[in-house]
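Participant: Take this structure, written in structure tokens, and hold onto it; I'll ask about it next.
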Amino acid sequence: MTEKSCEEDMLCGINVPASKGELSDMEKKHIPIISAPDDIKPGDSFEVVVEIGKLMKHPNEPAHFIQWVELYSGDTFLGRAEFTPGMTEPIAKFTVKLEHMHSLRAIERCNIHGLWEGKKEIPIDL
């Protein structure tokens, strides 16, 4: 899938912020925010938290909700969490082990607004 800003066709491809400095309300509700430690040693396990709606609450009702979030290291699939409307919050925790610096990518799917991506560089202390 190709990357597109949310100003274009949001149901075609993966939506990414049009501008990193100024996010629209739509982007604030949908961009997955990745949290991870700042100092990681090669081969050590660490926790990664992915949260959707951290910047602005996303609806969580049967008609409009986050269906799932996937975590990748570059293009390598690491895991997936699925959510049920009304009964879960779109927050997922993963335990990850990396040997060198990677870009973590989280992709989530809103049942109405399609796919959205967030990224975070993970530095590995050698």
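Convention: chains lettered A, B, ... in structure tokens order; per-chain residue numbering from 1; ligands numbered from 1 as shown.
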Skip region 90-95 of chain A itself and residues of its chain fewer than 2 positions away, then list as number ranges by chain all residues within 10 Å of it, counting only C-alpha atoms.

Facilitator: A: 32-36, 45-54, 58, 60, 65-71, 78-85, 88, 97, 108

Participant: So that I have them on file, write out the residues from the current selection with N, CA and C atoms, as a tab-separated table (two decimals), in the first residue's frame.

Facilitator:
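In the end it all went to selection13.tsv:
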chain	number	residue	atom	x	y	z
A	32	PRO	N	-1.33	6.19	15.45
A	32	PRO	CA	-0.84	5.39	16.58
A	32	PRO	C	0.42	6.04	17.18
A	33	ILE	N	0.42	6.20	18.49
A	33	ILE	CA	1.56	6.76	19.20
A	33	ILE	C	2.34	5.60	19.83
A	34	ILE	N	3.63	5.52	19.51
A	34	ILE	CA	4.50	4.44	19.99
A	34	ILE	C	5.35	4.97	21.13
A	35	SER	N	5.31	4.27	22.27
A	35	SER	CA	6.16	4.61	23.42
A	35	SER	C	7.11	3.44	23.68
A	36	ALA	N	8.38	3.76	23.86
A	36	ALA	CA	9.40	2.74	24.14
A	36	ALA	C	10.55	3.42	24.88
A	45	SER	N	15.21	-7.42	25.93
A	45	SER	CA	13.77	-7.29	25.72
A	45	SER	C	13.31	-5.98	26.33
A	46	PHE	N	12.36	-5.33	25.67
A	46	PHE	CA	11.79	-4.09	26.20
A	46	PHE	C	10.33	-4.00	25.80
A	47	GLU	N	9.60	-3.17	26.53
A	47	GLU	CA	8.16	-3.03	26.29
A	47	GLU	C	7.88	-1.87	25.34
A	48	VAL	N	7.00	-2.12	24.40
A	48	VAL	CA	6.52	-1.11	23.46
A	48	VAL	C	5.02	-0.98	23.67
A	49	VAL	N	4.56	0.25	23.87
A	49	VAL	CA	3.13	0.51	24.03
A	49	VAL	C	2.68	1.31	22.82
A	50	VAL	N	1.60	0.85	22.21
A	50	VAL	CA	1.00	1.56	21.08
A	50	VAL	C	-0.39	2.00	21.51
A	51	GLU	N	-0.65	3.31	21.39
A	51	GLU	CA	-1.92	3.87	21.83
A	51	GLU	C	-2.54	4.69	20.71
A	52	ILE	N	-3.79	4.43	20.41
A	52	ILE	CA	-4.54	5.20	19.43
A	52	ILE	C	-5.50	6.09	20.21
A	53	GLY	N	-5.55	7.36	19.84
A	53	GLY	CA	-6.41	8.31	20.54
A	53	GLY	C	-5.74	8.96	21.73
A	54	LYS	N	-4.43	8.86	21.83
A	54	LYS	CA	-3.71	9.46	22.95
A	54	LYS	C	-3.75	10.99	22.86
A	58	HIS	N	-10.50	8.82	20.51
A	58	HIS	CA	-11.19	8.23	19.36
A	58	HIS	C	-12.49	7.59	19.85
A	60	ASN	N	-15.34	4.92	20.58
A	60	ASN	CA	-15.23	3.49	20.85
A	60	ASN	C	-16.64	2.92	21.03
A	65	PHE	N	-15.05	2.54	15.67
A	65	PHE	CA	-14.06	2.08	16.64
A	65	PHE	C	-12.78	1.65	15.94
A	66	ILE	N	-11.72	1.47	16.72
A	66	ILE	CA	-10.45	0.94	16.22
A	66	ILE	C	-10.56	-0.59	16.25
A	67	GLN	N	-10.35	-1.22	15.10
A	67	GLN	CA	-10.49	-2.67	14.99
A	67	GLN	C	-9.24	-3.42	15.46
A	68	TRP	N	-8.05	-2.94	15.05
A	68	TRP	CA	-6.81	-3.62	15.40
A	68	TRP	C	-5.63	-2.69	15.23
A	69	VAL	N	-4.49	-3.09	15.80
A	69	VAL	CA	-3.21	-2.41	15.59
A	69	VAL	C	-2.15	-3.49	15.40
A	70	GLU	N	-1.24	-3.24	14.45
A	70	GLU	CA	-0.12	-4.14	14.20
A	70	GLU	C	1.18	-3.39	14.44
A	71	LEU	N	2.20	-4.11	14.92
A	71	LEU	CA	3.51	-3.52	15.16
A	71	LEU	C	4.52	-4.19	14.25
A	78	LEU	N	5.71	-7.92	13.88
A	78	LEU	CA	6.03	-8.32	15.25
A	78	LEU	C	4.81	-8.80	16.03
A	79	GLY	N	3.65	-8.22	15.76
A	79	GLY	CA	2.47	-8.64	16.51
A	79	GLY	C	1.25	-7.83	16.15
A	80	ARG	N	0.10	-8.31	16.64
A	80	ARG	CA	-1.18	-7.68	16.36
A	80	ARG	C	-2.08	-7.78	17.58
A	81	ALA	N	-2.83	-6.72	17.85
A	81	ALA	CA	-3.83	-6.72	18.91
A	81	ALA	C	-5.16	-6.30	18.28
A	82	GLU	N	-6.23	-7.02	18.63
A	82	GLU	CA	-7.56	-6.70	18.11
A	82	GLU	C	-8.42	-6.15	19.24
A	83	PHE	N	-9.35	-5.26	18.89
A	83	PHE	CA	-10.17	-4.58	19.88
A	83	PHE	C	-11.65	-4.77	19.59
A	84	THR	N	-12.45	-4.78	20.64
A	84	THR	CA	-13.90	-4.89	20.57
A	84	THR	C	-14.49	-3.55	20.97
A	85	PRO	N	-15.43	-3.02	20.18
A	85	PRO	CA	-15.99	-1.70	20.52
A	85	PRO	C	-16.70	-1.73	21.87
A	88	THR	N	-13.13	-2.54	25.07
A	88	THR	CA	-11.67	-2.44	25.14
A	88	THR	C	-11.26	-1.02	24.77
A	97	LYS	N	12.50	-7.55	21.14
A	97	LYS	CA	13.94	-7.70	21.31
A	97	LYS	C	14.59	-7.38	19.96
A	108	GLU	N	-2.78	0.95	12.36
A	108	GLU	CA	-4.08	0.63	12.95
A	108	GLU	C	-5.16	0.79	11.91

Participant: For the structure I just gave you, how does DSSP split region 34-109 of chain A - specifically, which residues are strand (DSSP E)? Reply as a PyMOL selection string.

Facilitator: chain A and resi 34-35+45-51+66-73+76-82+91-97+102-109

Participant: Can those selected residues be exported to a file as a short mmCIF file (atom, residue, chain, number, x, y, z; two decimals), in the first residue's frame so that it contains C-alpha atoms?

Facilitator:
data_model
loop_
_atom_site.label_atom_id
_atom_site.label_comp_id
_atom_site.auth_asym_id
_atom_site.auth_seq_id
_atom_site.Cartn_x
_atom_site.Cartn_y
_atom_site.Cartn_z
CA ILE A 34 4.50 4.44 19.99
CA SER A 35 6.16 4.61 23.42
CA SER A 45 13.77 -7.29 25.72
CA PHE A 46 11.79 -4.09 26.20
CA GLU A 47 8.16 -3.03 26.29
CA VAL A 48 6.52 -1.11 23.46
CA VAL A 49 3.13 0.51 24.03
CA VAL A 50 1.00 1.56 21.08
CA GLU A 51 -1.92 3.87 21.83
CA ILE A 66 -10.45 0.94 16.22
CA GLN A 67 -10.49 -2.67 14.99
CA TRP A 68 -6.81 -3.62 15.40
CA VAL A 69 -3.21 -2.41 15.59
CA GLU A 70 -0.12 -4.14 14.20
CA LEU A 71 3.51 -3.52 15.16
CA TYR A 72 6.41 -3.83 12.71
CA SER A 73 10.18 -3.45 12.92
CA THR A 76 9.03 -7.33 9.76
CA PHE A 77 5.71 -8.13 11.43
CA LEU A 78 6.03 -8.32 15.25
CA GLY A 79 2.47 -8.64 16.51
CA ARG A 80 -1.18 -7.68 16.36
CA ALA A 81 -3.83 -6.72 18.91
CA GLU A 82 -7.56 -6.70 18.11
CA ILE A 91 -3.89 0.39 23.69
CA ALA A 92 -1.54 -2.53 23.06
CA LYS A 93 1.64 -3.66 24.81
CA PHE A 94 4.29 -5.73 23.05
CA THR A 95 7.59 -7.14 24.32
CA VAL A 96 10.27 -6.70 21.67
CA LYS A 97 13.94 -7.70 21.31
CA HIS A 102 15.19 -0.04 13.84
CA SER A 103 12.22 2.03 12.95
CA LEU A 104 9.12 0.71 14.69
CA ARG A 105 5.91 1.17 12.74
CA ALA A 106 2.40 0.78 14.10
CA ILE A 107 -0.51 0.46 11.68
CA GLU A 108 -4.08 0.63 12.95
CA ARG A 109 -7.45 0.21 11.28
#

Participant: Going by DSSP on the backbone, which bits of region 25-90 of chain A are helix (DSSP H, G or I)? Write them as a VMD selection string, please.

Facilitator: chain A and resid 25 to 30

Participant: Do you know which residues are at most 10 Å from Ile40 (chain A) counting only C-alpha atoms, after dropping those on the same chain fewer than 6 positions away, and could you put them as a list in words?

Facilitator: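 The neighbour list is Phe46, Lys97, Leu98, Glu99, His100, Met101, Ile122, Pro123, Ile124, Asp125 and Leu126 of chain A.
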
Participant: Got a sec: who's within 12 Å of Ala63 (chain A), counting only C-alpha atoms, leaving out chain neighbours fewer than 6 positions off, as a ChimeraX atom specification?

Facilitator: /A:84-86,110-113

Participant: Please provide the set of residues having any atom within 9 Å of Asp25 (chain A), restricted to only C-alpha atoms, with same-chain residues fewer than 5 positions apart removed, written as a list in words.

Facilitator: His30, Leu55 and Met56 of chain A

Participant: Please, could you write that set of residues out with C-alpha atoms as a PDB file, in the first residue's frame?

Facilitator:
ATOM      1  CA  HIS A  30      -6.100   8.083  14.476  1.00  0.00           C
ATOM      2  CA  LEU A  55      -3.669  12.975  21.452  1.00  0.00           C
ATOM      3  CA  MET A  56      -7.463  13.169  21.071  1.00  0.00           C
TER       4      MET A  56
END

Participant: Would you compute the distance between CA of Lys120 (chain A) and CA of Lys20 (chain A)? Give it in Å to one decimal.

Facilitator: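 Calculated distance between CA of Lys120 (chain A) and CA of Lys20 (chain A) is 12.5 Å.
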
Participant: Have a look at A:Asp38, A:Ile31, A:Ser24, A:Glu89 and name the one nearest to Lys119 (chain A); count only C-alpha atoms.

Facilitator: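 Ranking A:Asp38, A:Ile31, A:Ser24, A:Glu89 by distance to Lys119 (chain A), first place goes to A:Ile31.
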